[in-house]
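Participant: Got a file for you: run-v6.txt, compact mmCIF, C-alpha atoms.
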# COMPACT_ATOMS: atom_id res chain seq x y z
CA MET A 1084 -14.64 -20.38 -11.06
CA ARG A 1085 -11.57 -19.74 -13.22
CA ILE A 1086 -8.70 -18.17 -11.30
CA ALA A 1087 -5.42 -16.67 -12.47
CA LEU A 1088 -2.99 -17.16 -9.59
CA VAL A 1089 0.04 -14.85 -9.57
CA VAL A 1090 2.83 -15.72 -7.15
CA ASN A 1091 5.66 -13.44 -6.07
CA ALA A 1092 8.20 -16.02 -4.99
CA GLY A 1093 10.48 -13.28 -3.66
CA ALA A 1094 7.94 -11.87 -1.18
CA GLY A 1095 9.15 -11.71 2.41
CA GLY A 1096 6.93 -14.43 3.82
CA GLY A 1097 7.64 -16.92 1.04
CA THR A 1098 4.95 -18.81 -0.85
CA ASP A 1099 4.56 -22.48 -1.73
CA ALA A 1100 2.96 -22.02 -5.16
CA ALA A 1101 2.11 -25.69 -5.60
CA ALA A 1102 0.42 -25.91 -2.20
CA LEU A 1103 -1.54 -22.75 -2.88
CA GLU A 1104 -2.65 -23.98 -6.30
CA HIS A 1105 -3.76 -27.23 -4.69
CA ALA A 1106 -5.73 -25.37 -2.01
CA LEU A 1107 -7.53 -23.26 -4.61
CA ALA A 1108 -8.34 -26.35 -6.70
CA ALA A 1109 -9.57 -28.20 -3.60
CA ALA A 1110 -11.96 -25.31 -3.02
CA GLY A 1111 -13.45 -25.88 -6.48
CA ALA A 1112 -11.48 -23.45 -8.64
CA GLU A 1113 -9.87 -24.02 -12.01
CA VAL A 1114 -6.41 -22.49 -11.59
CA GLU A 1115 -3.76 -21.10 -13.92
CA THR A 1116 -0.51 -20.18 -12.12
CA HIS A 1117 1.86 -17.43 -13.27
CA PRO A 1118 5.00 -15.73 -11.90
CA PHE A 1119 4.71 -12.14 -10.73
CA ALA A 1120 6.89 -10.96 -13.61
CA ALA A 1121 4.16 -12.01 -16.05
CA LEU A 1122 1.42 -9.95 -14.38
CA ASP A 1123 1.30 -7.03 -16.82
CA ASP A 1124 1.02 -9.30 -19.86
CA LEU A 1125 -1.48 -11.84 -18.54
CA GLU A 1126 -4.34 -12.81 -20.84
CA LEU A 1127 -7.34 -12.58 -18.51
CA GLU A 1128 -10.23 -13.09 -20.90
CA GLY A 1129 -12.45 -15.79 -19.44
CA ILE A 1130 -10.83 -15.45 -16.00
CA ASP A 1131 -13.26 -14.75 -13.15
CA ARG A 1132 -10.81 -13.64 -10.48
CA LEU A 1133 -7.16 -12.67 -10.16
CA VAL A 1134 -5.48 -14.01 -7.00
CA ILE A 1135 -2.17 -12.51 -5.91
CA ALA A 1136 0.18 -14.17 -3.42
CA ALA A 1137 2.54 -11.35 -2.53
CA GLY A 1138 3.43 -8.70 -0.01
CA ASP A 1139 2.15 -5.14 -0.02
CA GLY A 1140 4.52 -4.13 -2.79
CA GLY A 1141 2.80 -6.46 -5.27
CA VAL A 1142 -0.82 -5.93 -4.32
CA GLY A 1143 -1.21 -2.55 -6.05
CA SER A 1144 -0.05 -3.94 -9.39
CA ALA A 1145 -2.51 -6.83 -9.12
CA ALA A 1146 -5.34 -4.46 -8.25
CA GLU A 1147 -4.54 -2.26 -11.24
CA ARG A 1148 -4.41 -5.29 -13.57
CA ALA A 1149 -7.72 -6.66 -12.26
CA SER A 1150 -9.30 -3.21 -12.61
CA ARG A 1151 -8.25 -3.01 -16.27
CA ALA A 1152 -9.69 -6.49 -16.88
CA GLY A 1153 -12.94 -5.71 -15.07
CA ILE A 1154 -12.63 -8.64 -12.65
CA SER A 1155 -12.31 -8.98 -8.88
CA PHE A 1156 -9.05 -9.82 -7.16
CA ALA A 1157 -8.12 -11.61 -3.96
CA VAL A 1158 -4.99 -11.56 -1.81
CA VAL A 1159 -3.07 -14.36 -0.13
CA PRO A 1160 -0.78 -12.43 2.27
CA SER A 1161 2.81 -13.46 1.62
CA GLY A 1162 4.95 -10.50 2.66
CA THR A 1163 6.64 -9.37 5.85
CA ALA A 1164 4.16 -6.81 7.20
CA ASN A 1165 1.05 -7.47 5.06
CA ASP A 1166 -0.52 -4.11 5.93
CA PHE A 1167 -3.15 -4.34 3.18
CA ALA A 1168 -4.31 -7.74 4.41
CA GLY A 1169 -4.40 -6.45 7.98
CA PHE A 1170 -6.49 -3.45 6.96
CA LEU A 1171 -9.11 -5.76 5.41
CA ASP A 1172 -8.85 -8.48 8.11
CA LEU A 1173 -7.86 -11.09 5.52
CA PRO A 1174 -6.86 -14.54 6.84
CA ASP A 1175 -3.20 -14.96 7.76
CA ASP A 1176 -3.17 -18.68 7.01
CA PRO A 1177 -2.56 -19.37 3.28
CA ALA A 1178 -5.07 -22.23 3.16
CA ASP A 1179 -7.79 -20.08 4.72
CA ALA A 1180 -6.95 -17.21 2.39
CA ALA A 1181 -7.12 -19.58 -0.59
CA ARG A 1182 -10.55 -20.86 0.40
CA LEU A 1183 -11.82 -17.29 0.64
CA ALA A 1184 -10.22 -16.38 -2.69
CA ALA A 1185 -11.88 -19.34 -4.43
CA ASP A 1186 -15.36 -18.69 -3.03
CA PRO A 1187 -17.56 -17.39 -5.89
CA ALA A 1188 -20.05 -16.05 -3.34
CA ALA A 1189 -17.45 -14.19 -1.26
CA ARG A 1190 -18.17 -10.60 -0.36
CA THR A 1191 -16.17 -7.91 -2.14
CA ARG A 1192 -15.28 -4.33 -1.29
CA THR A 1193 -14.71 -1.68 -3.94
CA LEU A 1194 -11.48 0.29 -3.50
CA ASP A 1195 -9.84 3.16 -5.35
CA VAL A 1196 -6.56 2.41 -7.11
CA GLY A 1197 -4.00 5.16 -6.63
CA ARG A 1198 -0.99 5.87 -8.76
CA SER A 1199 2.40 7.28 -7.77
CA GLY A 1200 3.69 8.33 -11.15
CA ARG A 1201 3.56 5.05 -13.08
CA ILE A 1202 3.31 2.86 -9.98
CA PRO A 1203 -0.13 1.69 -8.78
CA PHE A 1204 -0.66 1.56 -5.02
CA LEU A 1205 -3.41 0.89 -2.49
CA ASN A 1206 -2.00 1.66 0.96
CA ALA A 1207 0.30 4.66 1.11
CA ALA A 1208 3.27 6.41 -0.41
CA ALA A 1209 5.53 8.40 1.90
CA CYS A 1210 8.74 10.39 1.73
CA GLY A 1211 11.17 11.65 4.35
CA LEU A 1212 11.48 9.50 7.45
CA SER A 1213 9.50 6.67 5.84
CA VAL A 1214 12.15 6.17 3.17
CA ALA A 1215 14.97 6.13 5.72
CA ALA A 1216 12.99 3.73 7.92
CA ALA A 1217 12.47 1.34 5.00
CA GLU A 1218 16.15 1.48 4.08
CA ASN A 1219 17.12 0.73 7.67
CA ALA A 1220 14.57 -2.09 7.97
CA GLY A 1221 15.54 -3.89 4.75
CA PRO A 1222 18.64 -5.72 6.02
CA LEU A 1223 16.84 -6.66 9.26
CA LYS A 1224 13.72 -8.31 7.80
CA LYS A 1225 15.18 -11.80 7.55
CA ALA A 1226 16.23 -11.81 11.20
CA LEU A 1227 13.46 -9.72 12.79
CA GLY A 1228 10.49 -10.13 10.45
CA ALA A 1229 7.87 -7.41 10.85
CA ALA A 1230 9.68 -6.01 13.89
CA ALA A 1231 12.35 -4.70 11.50
CA TYR A 1232 10.02 -1.82 10.59
CA ALA A 1233 9.91 -0.56 14.18
CA VAL A 1234 13.70 -0.72 14.48
CA GLY A 1235 14.09 1.04 11.14
CA ALA A 1236 11.72 3.81 12.20
CA VAL A 1237 13.57 4.43 15.46
CA ARG A 1238 16.91 4.64 13.66
CA ALA A 1239 15.47 7.06 11.09
CA GLY A 1240 13.99 9.25 13.82
CA VAL A 1241 17.31 9.78 15.56
CA SER A 1242 19.50 10.19 12.48
CA GLU A 1243 17.54 11.96 9.72
CA ASP A 1244 16.70 15.65 9.30
CA ALA A 1245 13.51 17.33 8.13
CA CYS A 1246 13.49 18.34 4.45
CA SER A 1247 11.83 21.11 2.46
CA TYR A 1248 8.75 20.16 0.43
CA ARG A 1249 6.01 21.83 -1.57
CA VAL A 1250 2.59 20.16 -1.68
CA VAL A 1251 -0.05 20.99 -4.28
CA VAL A 1252 -3.57 19.53 -4.02
CA ASP A 1253 -5.87 19.84 -7.03
CA GLY A 1254 -3.83 22.75 -8.35
CA GLU A 1255 -3.63 24.70 -5.06
CA GLU A 1256 -0.51 24.96 -2.94
CA VAL A 1257 -1.40 23.77 0.57
CA PHE A 1258 2.05 23.48 2.13
CA SER A 1259 5.57 24.77 1.55
CA GLY A 1260 8.32 24.35 4.09
CA ALA A 1261 10.18 21.86 6.24
CA ALA A 1262 8.54 18.53 7.04
CA TRP A 1263 9.62 15.26 8.56
CA GLN A 1264 7.32 13.26 6.35
CA VAL A 1265 4.59 13.54 3.73
CA ILE A 1266 2.16 10.62 3.39
CA VAL A 1267 -0.25 10.16 0.48
CA SER A 1268 -2.85 7.56 1.46
CA GLY A 1269 -5.28 5.13 -0.06
CA THR A 1270 -6.12 2.76 2.79
CA GLY A 1271 -3.66 4.68 4.98
CA ALA A 1272 -2.10 1.45 6.29
CA PHE A 1273 1.70 1.27 6.33
CA GLY A 1274 4.76 0.42 8.40
CA ASN A 1275 3.53 -2.78 10.07
CA GLY A 1276 0.49 -1.43 11.87
CA SER A 1277 0.71 2.33 11.42
CA GLU A 1278 -2.16 4.13 9.73
CA VAL A 1279 -3.64 7.44 8.70
CA GLU A 1280 -7.07 7.04 10.27
CA PRO A 1281 -9.20 9.45 8.21
CA ALA A 1282 -8.14 7.82 4.92
CA ASP A 1283 -11.08 6.17 3.15
CA PRO A 1284 -10.00 3.99 0.20
CA SER A 1285 -13.48 4.09 -1.30
CA ASP A 1286 -14.24 7.83 -1.34
CA GLY A 1287 -12.67 8.75 -4.68
CA MET A 1288 -10.04 10.92 -2.95
CA LEU A 1289 -6.43 10.67 -1.86
CA ASP A 1290 -5.44 11.82 1.62
CA VAL A 1291 -2.30 13.86 2.21
CA THR A 1292 -0.74 14.12 5.66
CA VAL A 1293 2.18 16.46 6.35
CA LEU A 1294 4.26 16.13 9.51
CA HIS A 1295 5.68 19.63 9.92
CA GLY A 1296 9.38 19.99 10.63
CA GLY A 1297 10.48 21.18 14.04
CA SER A 1298 11.69 19.60 17.21
CA ARG A 1299 12.78 15.98 16.99
CA ALA A 1300 11.24 15.56 20.43
CA ALA A 1301 7.78 15.58 18.81
CA LEU A 1302 8.48 12.46 16.74
CA PRO A 1303 7.51 9.92 19.44
CA LEU A 1304 4.11 11.63 19.66
CA ARG A 1305 3.73 11.36 15.89
CA ALA A 1306 4.64 7.67 16.05
CA TRP A 1307 2.09 7.16 18.83
CA GLY A 1308 -0.59 8.84 16.69
CA MET A 1309 0.19 6.55 13.77
CA ARG A 1310 -0.09 3.47 15.96
CA ARG A 1311 -2.91 4.41 18.31
CA GLY A 1312 -4.89 6.96 16.30
CA GLY A 1313 -5.29 10.70 16.30
CA LEU A 1314 -2.26 11.59 14.18
CA THR A 1315 -4.08 14.15 12.02
CA ASP A 1316 -5.54 15.85 15.11
CA GLN A 1317 -2.10 16.71 16.51
CA ASP A 1318 -0.68 20.21 16.40
CA GLY A 1319 2.00 20.34 13.72
CA VAL A 1320 0.25 17.82 11.48
CA ALA A 1321 -1.73 18.98 8.43
CA HIS A 1322 -4.26 16.87 6.53
CA PHE A 1323 -5.75 17.45 3.07
CA ARG A 1324 -7.82 15.56 0.51
CA GLY A 1325 -7.81 15.72 -3.27
CA ARG A 1326 -7.77 13.80 -6.52
CA ASP A 1327 -4.49 15.12 -7.97
CA ILE A 1328 -1.49 15.57 -5.67
CA VAL A 1329 1.98 16.88 -6.46
CA VAL A 1330 4.79 16.79 -3.90
CA GLU A 1331 7.97 18.60 -4.90
CA GLY A 1332 11.43 18.37 -3.35
CA VAL A 1333 11.50 14.58 -3.00
CA ASN A 1334 14.28 12.28 -4.22
CA ALA A 1335 12.78 8.97 -3.13
CA TRP A 1336 9.43 7.52 -2.04
CA ASN A 1337 8.36 4.48 -0.07
CA VAL A 1338 5.39 3.21 -2.14
CA ASP A 1339 3.52 0.37 -0.41
CA GLY A 1340 6.77 -0.68 1.22
CA GLU A 1341 8.92 -0.51 -1.92
CA LEU A 1342 11.54 2.18 -2.46
CA CYS A 1343 11.01 4.25 -5.60
CA GLU A 1344 13.22 6.94 -7.13
CA GLN A 1345 11.38 7.51 -10.42
CA PRO A 1346 11.19 11.22 -11.33
CA ASP A 1347 7.39 11.23 -11.63
CA ALA A 1348 6.70 9.36 -8.38
CA GLY A 1349 5.70 12.59 -6.62
CA HIS A 1350 2.65 13.03 -8.87
CA PHE A 1351 -0.32 11.18 -7.40
CA SER A 1352 -3.67 10.48 -9.02
CA LEU A 1353 -6.52 7.97 -9.01
CA ASP A 1354 -6.61 5.23 -11.62
CA GLY A 1355 -9.95 3.44 -11.48
CA ARG A 1356 -11.57 1.16 -8.93
CA VAL A 1357 -11.38 -2.54 -8.18
CA ASP A 1358 -13.38 -5.12 -6.22
CA VAL A 1359 -11.31 -7.01 -3.66
CA VAL A 1360 -12.50 -10.17 -1.91
CA VAL A 1361 -12.99 -9.70 1.84
CA PRO A 1362 -14.20 -11.96 4.69
Starting from the file, lay out its structure as structure tokens.

Facilitator:
Amino acid sequence: MRIALVVNAGAGGGTDAAALEHALAAAGAEVETHPFAALDDLELEGIDRLVIAAGDGGVGSAAERASRAGISFAVVPSGTANDFAGFLDLPDDPADAARLAADPAARTRTLDVGRSGRIPFLNAAACGLSVAAAENAGPLKKALGAAAYAVGAVRAGVSEDACSYRVVVDGEEVFSGAAWQVIVSGTGAFGNGSEVEPADPSDGMLDVTVLHGGSRAALPLRAWGMRRGGLTDQDGVAHFRGRDIVVEGVNAWNVDGELCEQPDAGHFSLDGRVDVVVP
């Protein structure tokens, strides 16, 4: 099997590219290694599988590139939270993940690739409290690791205010008013273990969850629903599905853990499908 290995050396967990290349070769693969910055311009003709060693912020780009090339892709979790890997129960250990990635007979799962403006994503894009939580967590990641997300979320919950948004799903306005957060989901996994349960990344639809504005006292219940399930069943939480989503009134988004302020980031669509290697 011929593998193109793409390594994001700046990912939170760090990656030993040489060790990973060796592990893939030991599993029988012929490996070409590239930096993450070269991903968009990779020549993938003759390549059987794209393997990405990165955190959640790099996985969407790899999925989109593999989809365009018509090949499968595999993930070696290398970030801080690794929500995508957790959603698919991928191995935490790099050597185990490499063996799975190099297995030509490994099972694959077909997923939809979403797009936030020009940015491909697989997990979720969120505005409001999610952006503030990510900004708060950033400086704490080195010291606290994945726990930085929980601290960031608590700080955001006590300091930020609800904002006014307009949400349009497939051309129909479904919400207009104050909200703490709007989440557009693929897998629905985000924030180091939070999730939007009804989201199905294989159904050809994007899920939209709106946390209505109101009393700050309701936020712990929302957080509990994200962690333990049942968020979209709570009063004050609306849930929609569609293929084309527009969210107006947003200055910044948290897209698969990366902050984004591009003007078109609030326009969400589907951009093909991709086969990802799973245990």

Participant: Can you list, as a ChimeraX atom specification, every protein, DNA or RNA residue that comes within 10 Å of segment 1138-1147 of chain A when you count only C-alpha atoms, leaving out same-chain residues fewer than 2 positions away?

Facilitator: /A:1089-1091,1093-1097,1119,1122-1123,1133-1136,1149-1168,1194-1198,1202-1206,1273,1337-1342,1354-1359

Participant: Check the smallest atom-to-atom distance from each of A:Val1293, A:Val1267, A:Val1360, A:Ala1180 to Trp1336 of chain A using only C-alpha atoms, then report the winner.

Facilitator: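 Closest to Trp1336 of chain A, using only C-alpha atoms: A:Val1267.
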
Participant: Under the rule that all atoms listed in the file are counted, which of A:Gln1264, A:Ala1101, A:Asn1334, A:Asn1275 is the nearest residue to Val1320 of chain A?

Facilitator: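 Ranking A:Gln1264, A:Ala1101, A:Asn1334, A:Asn1275 by distance to Val1320 of chain A, first place goes to A:Gln1264.
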
Participant: Given the choices A:Gly1332, A:Gly1325, A:Pro1281, A:Gly1129, which gets closest to Gly1313 of chain A if the distance is worked out from all atoms listed in the file?

Facilitator: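 Going through A:Gly1332, A:Gly1325, A:Pro1281, A:Gly1129 one by one, the smallest distance to Gly1313 of chain A is for A:Pro1281.
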
Participant: What's the 9 Å shell around Leu1294 of chain A, counting only C-alpha atoms, without same-chain residues fewer than 3 positions away, as a JSON list (two decimals) with C-alpha atoms, keeping the file's coordinate frame?

Facilitator:
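The new file part-v2.json reads:
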[["chain", "number", "residue", "atom", "x", "y", "z"],
["A", 1261, "ALA", "CA", 10.18, 21.86, 6.24],
["A", 1262, "ALA", "CA", 8.54, 18.53, 7.04],
["A", 1263, "TRP", "CA", 9.62, 15.26, 8.56],
["A", 1264, "GLN", "CA", 7.32, 13.26, 6.35],
["A", 1265, "VAL", "CA", 4.59, 13.54, 3.73],
["A", 1266, "ILE", "CA", 2.16, 10.62, 3.39],
["A", 1305, "ARG", "CA", 3.73, 11.36, 15.89],
["A", 1315, "THR", "CA", -4.08, 14.15, 12.02],
["A", 1319, "GLY", "CA", 2.00, 20.34, 13.72],
["A", 1320, "VAL", "CA", 0.25, 17.82, 11.48],
["A", 1321, "ALA", "CA", -1.73, 18.98, 8.43]]

Participant: Quick one: distance from atom CA of Glu1278 of chain A to atom CA of Leu1173 of chain A in Å, one decimal?

Facilitator: 16.8 Å

Participant: Between atom CA of Ser1277 of chain A and atom CA of Arg1182 of chain A, what is the distance, to one decimal in Å?

Facilitator: 28.0 Å

Participant: By how many Å are atom CA of His1322 of chain A and atom CA of Phe1351 of chain A apart?

Facilitator: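 It comes out at 15.6 Å.
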
Participant: Export C-alpha atoms of segment 1217-1346 of chain A from the structure just given, as a compact mmCIF listing (two decimals), in the first residue's frame?

Facilitator:
# COMPACT_ATOMS: atom_id res chain seq x y z
CA ALA A 1217 -11.65 28.45 22.78
CA GLU A 1218 -10.00 31.84 23.28
CA ASN A 1219 -9.85 31.27 27.02
CA ALA A 1220 -8.54 27.71 26.63
CA GLY A 1221 -5.75 28.55 24.18
CA PRO A 1222 -3.18 29.88 26.66
CA LEU A 1223 -3.94 27.03 29.09
CA LYS A 1224 -3.44 24.05 26.75
CA LYS A 1225 0.27 23.65 27.38
CA ALA A 1226 -0.21 23.49 31.14
CA LEU A 1227 -3.60 21.75 31.40
CA GLY A 1228 -3.89 19.75 28.18
CA ALA A 1229 -7.46 18.77 27.32
CA ALA A 1230 -8.69 20.10 30.68
CA ALA A 1231 -8.10 23.61 29.32
CA TYR A 1232 -11.36 23.32 27.36
CA ALA A 1233 -13.42 22.84 30.52
CA VAL A 1234 -11.77 25.81 32.21
CA GLY A 1235 -12.28 27.93 29.09
CA ALA A 1236 -15.96 26.99 28.94
CA VAL A 1237 -16.56 27.92 32.58
CA ARG A 1238 -14.88 31.30 32.12
CA ALA A 1239 -16.94 31.98 28.99
CA GLY A 1240 -20.16 31.04 30.76
CA VAL A 1241 -19.67 33.57 33.55
CA SER A 1242 -18.32 36.45 31.46
CA GLU A 1243 -19.98 36.45 28.02
CA ASP A 1244 -23.45 37.66 26.98
CA ALA A 1245 -25.95 36.15 24.56
CA CYS A 1246 -25.90 37.65 21.05
CA SER A 1247 -28.50 38.17 18.34
CA TYR A 1248 -28.44 35.72 15.42
CA ARG A 1249 -30.54 34.82 12.40
CA VAL A 1250 -30.48 31.20 11.20
CA VAL A 1251 -31.66 30.14 7.75
CA VAL A 1252 -31.93 26.44 6.83
CA ASP A 1253 -32.39 25.53 3.17
CA GLY A 1254 -33.73 29.00 2.43
CA GLU A 1255 -36.19 29.17 5.35
CA GLU A 1256 -35.65 31.30 8.44
CA VAL A 1257 -35.89 29.00 11.47
CA PHE A 1258 -34.58 31.29 14.22
CA SER A 1259 -34.08 34.99 14.85
CA GLY A 1260 -33.21 36.36 18.25
CA ALA A 1261 -30.81 36.10 21.16
CA ALA A 1262 -28.80 32.90 21.61
CA TRP A 1263 -25.89 31.79 23.72
CA GLN A 1264 -24.54 29.55 21.02
CA VAL A 1265 -25.26 28.16 17.56
CA ILE A 1266 -23.66 24.82 16.63
CA VAL A 1267 -23.52 23.42 13.10
CA SER A 1268 -22.59 19.73 13.29
CA GLY A 1269 -21.12 16.97 11.22
CA THR A 1270 -20.12 14.33 13.77
CA GLY A 1271 -21.32 16.69 16.52
CA ALA A 1272 -18.20 16.05 18.61
CA PHE A 1273 -16.45 19.11 20.07
CA GLY A 1274 -14.96 20.65 23.18
CA ASN A 1275 -13.11 17.62 24.57
CA GLY A 1276 -16.02 15.25 25.00
CA SER A 1277 -19.09 17.37 24.31
CA GLU A 1278 -21.43 16.33 21.52
CA VAL A 1279 -24.67 16.98 19.71
CA GLU A 1280 -26.16 13.51 19.94
CA PRO A 1281 -28.63 13.48 17.02
CA ALA A 1282 -25.93 14.50 14.52
CA ASP A 1283 -25.27 11.76 11.96
CA PRO A 1284 -22.16 12.44 9.83
CA SER A 1285 -23.32 10.02 7.15
CA ASP A 1286 -26.90 11.20 6.48
CA GLY A 1287 -26.18 13.88 3.89
CA MET A 1288 -27.41 16.62 6.25
CA LEU A 1289 -25.96 19.19 8.60
CA ASP A 1290 -27.43 19.59 12.09
CA VAL A 1291 -28.05 23.01 13.59
CA THR A 1292 -28.49 23.47 17.33
CA VAL A 1293 -29.49 26.83 18.82
CA LEU A 1294 -29.13 27.50 22.55
CA HIS A 1295 -31.70 30.26 23.12
CA GLY A 1296 -30.64 33.30 25.10
CA GLY A 1297 -32.08 33.82 28.56
CA SER A 1298 -31.01 33.18 32.08
CA ARG A 1299 -27.35 32.40 32.61
CA ALA A 1300 -28.50 29.95 35.27
CA ALA A 1301 -29.55 27.54 32.49
CA LEU A 1302 -26.02 27.21 31.14
CA PRO A 1303 -24.90 24.42 33.51
CA LEU A 1304 -27.87 22.36 32.31
CA ARG A 1305 -26.83 22.97 28.70
CA ALA A 1306 -23.28 21.90 29.53
CA TRP A 1307 -24.61 18.76 31.21
CA GLY A 1308 -26.65 17.95 28.10
CA MET A 1309 -23.58 18.31 25.89
CA ARG A 1310 -21.58 15.98 28.11
CA ARG A 1311 -24.18 13.43 29.15
CA GLY A 1312 -26.72 13.58 26.33
CA GLY A 1313 -30.15 15.05 25.83
CA LEU A 1314 -29.11 18.59 24.89
CA THR A 1315 -31.55 18.92 21.99
CA ASP A 1316 -34.44 17.66 24.15
CA GLN A 1317 -34.10 20.53 26.63
CA ASP A 1318 -36.52 23.43 26.72
CA GLY A 1319 -34.83 26.47 25.22
CA VAL A 1320 -32.80 24.43 22.73
CA ALA A 1321 -33.86 24.20 19.08
CA HIS A 1322 -32.59 21.63 16.59
CA PHE A 1323 -32.84 21.64 12.79
CA ARG A 1324 -31.41 19.73 9.83
CA GLY A 1325 -30.58 20.88 6.32
CA ARG A 1326 -28.06 20.90 3.51
CA ASP A 1327 -27.46 24.66 3.25
CA ILE A 1328 -27.18 26.72 6.44
CA VAL A 1329 -26.67 30.46 6.86
CA VAL A 1330 -26.06 32.02 10.28
CA GLU A 1331 -26.05 35.82 10.35
CA GLY A 1332 -24.80 38.14 13.08
CA VAL A 1333 -21.55 36.27 13.79
CA ASN A 1334 -18.08 37.82 13.89
CA ALA A 1335 -16.10 34.67 14.66
CA TRP A 1336 -16.52 30.89 14.58
CA ASN A 1337 -14.82 27.98 16.28
CA VAL A 1338 -14.44 25.49 13.41
CA ASP A 1339 -13.18 22.08 14.58
CA GLY A 1340 -11.32 23.81 17.38
CA GLU A 1341 -9.77 26.56 15.25
CA LEU A 1342 -10.88 30.19 15.47
CA CYS A 1343 -12.10 31.62 12.17
CA GLU A 1344 -13.12 35.18 11.32
CA GLN A 1345 -13.55 34.85 7.54
CA PRO A 1346 -16.63 36.75 6.28
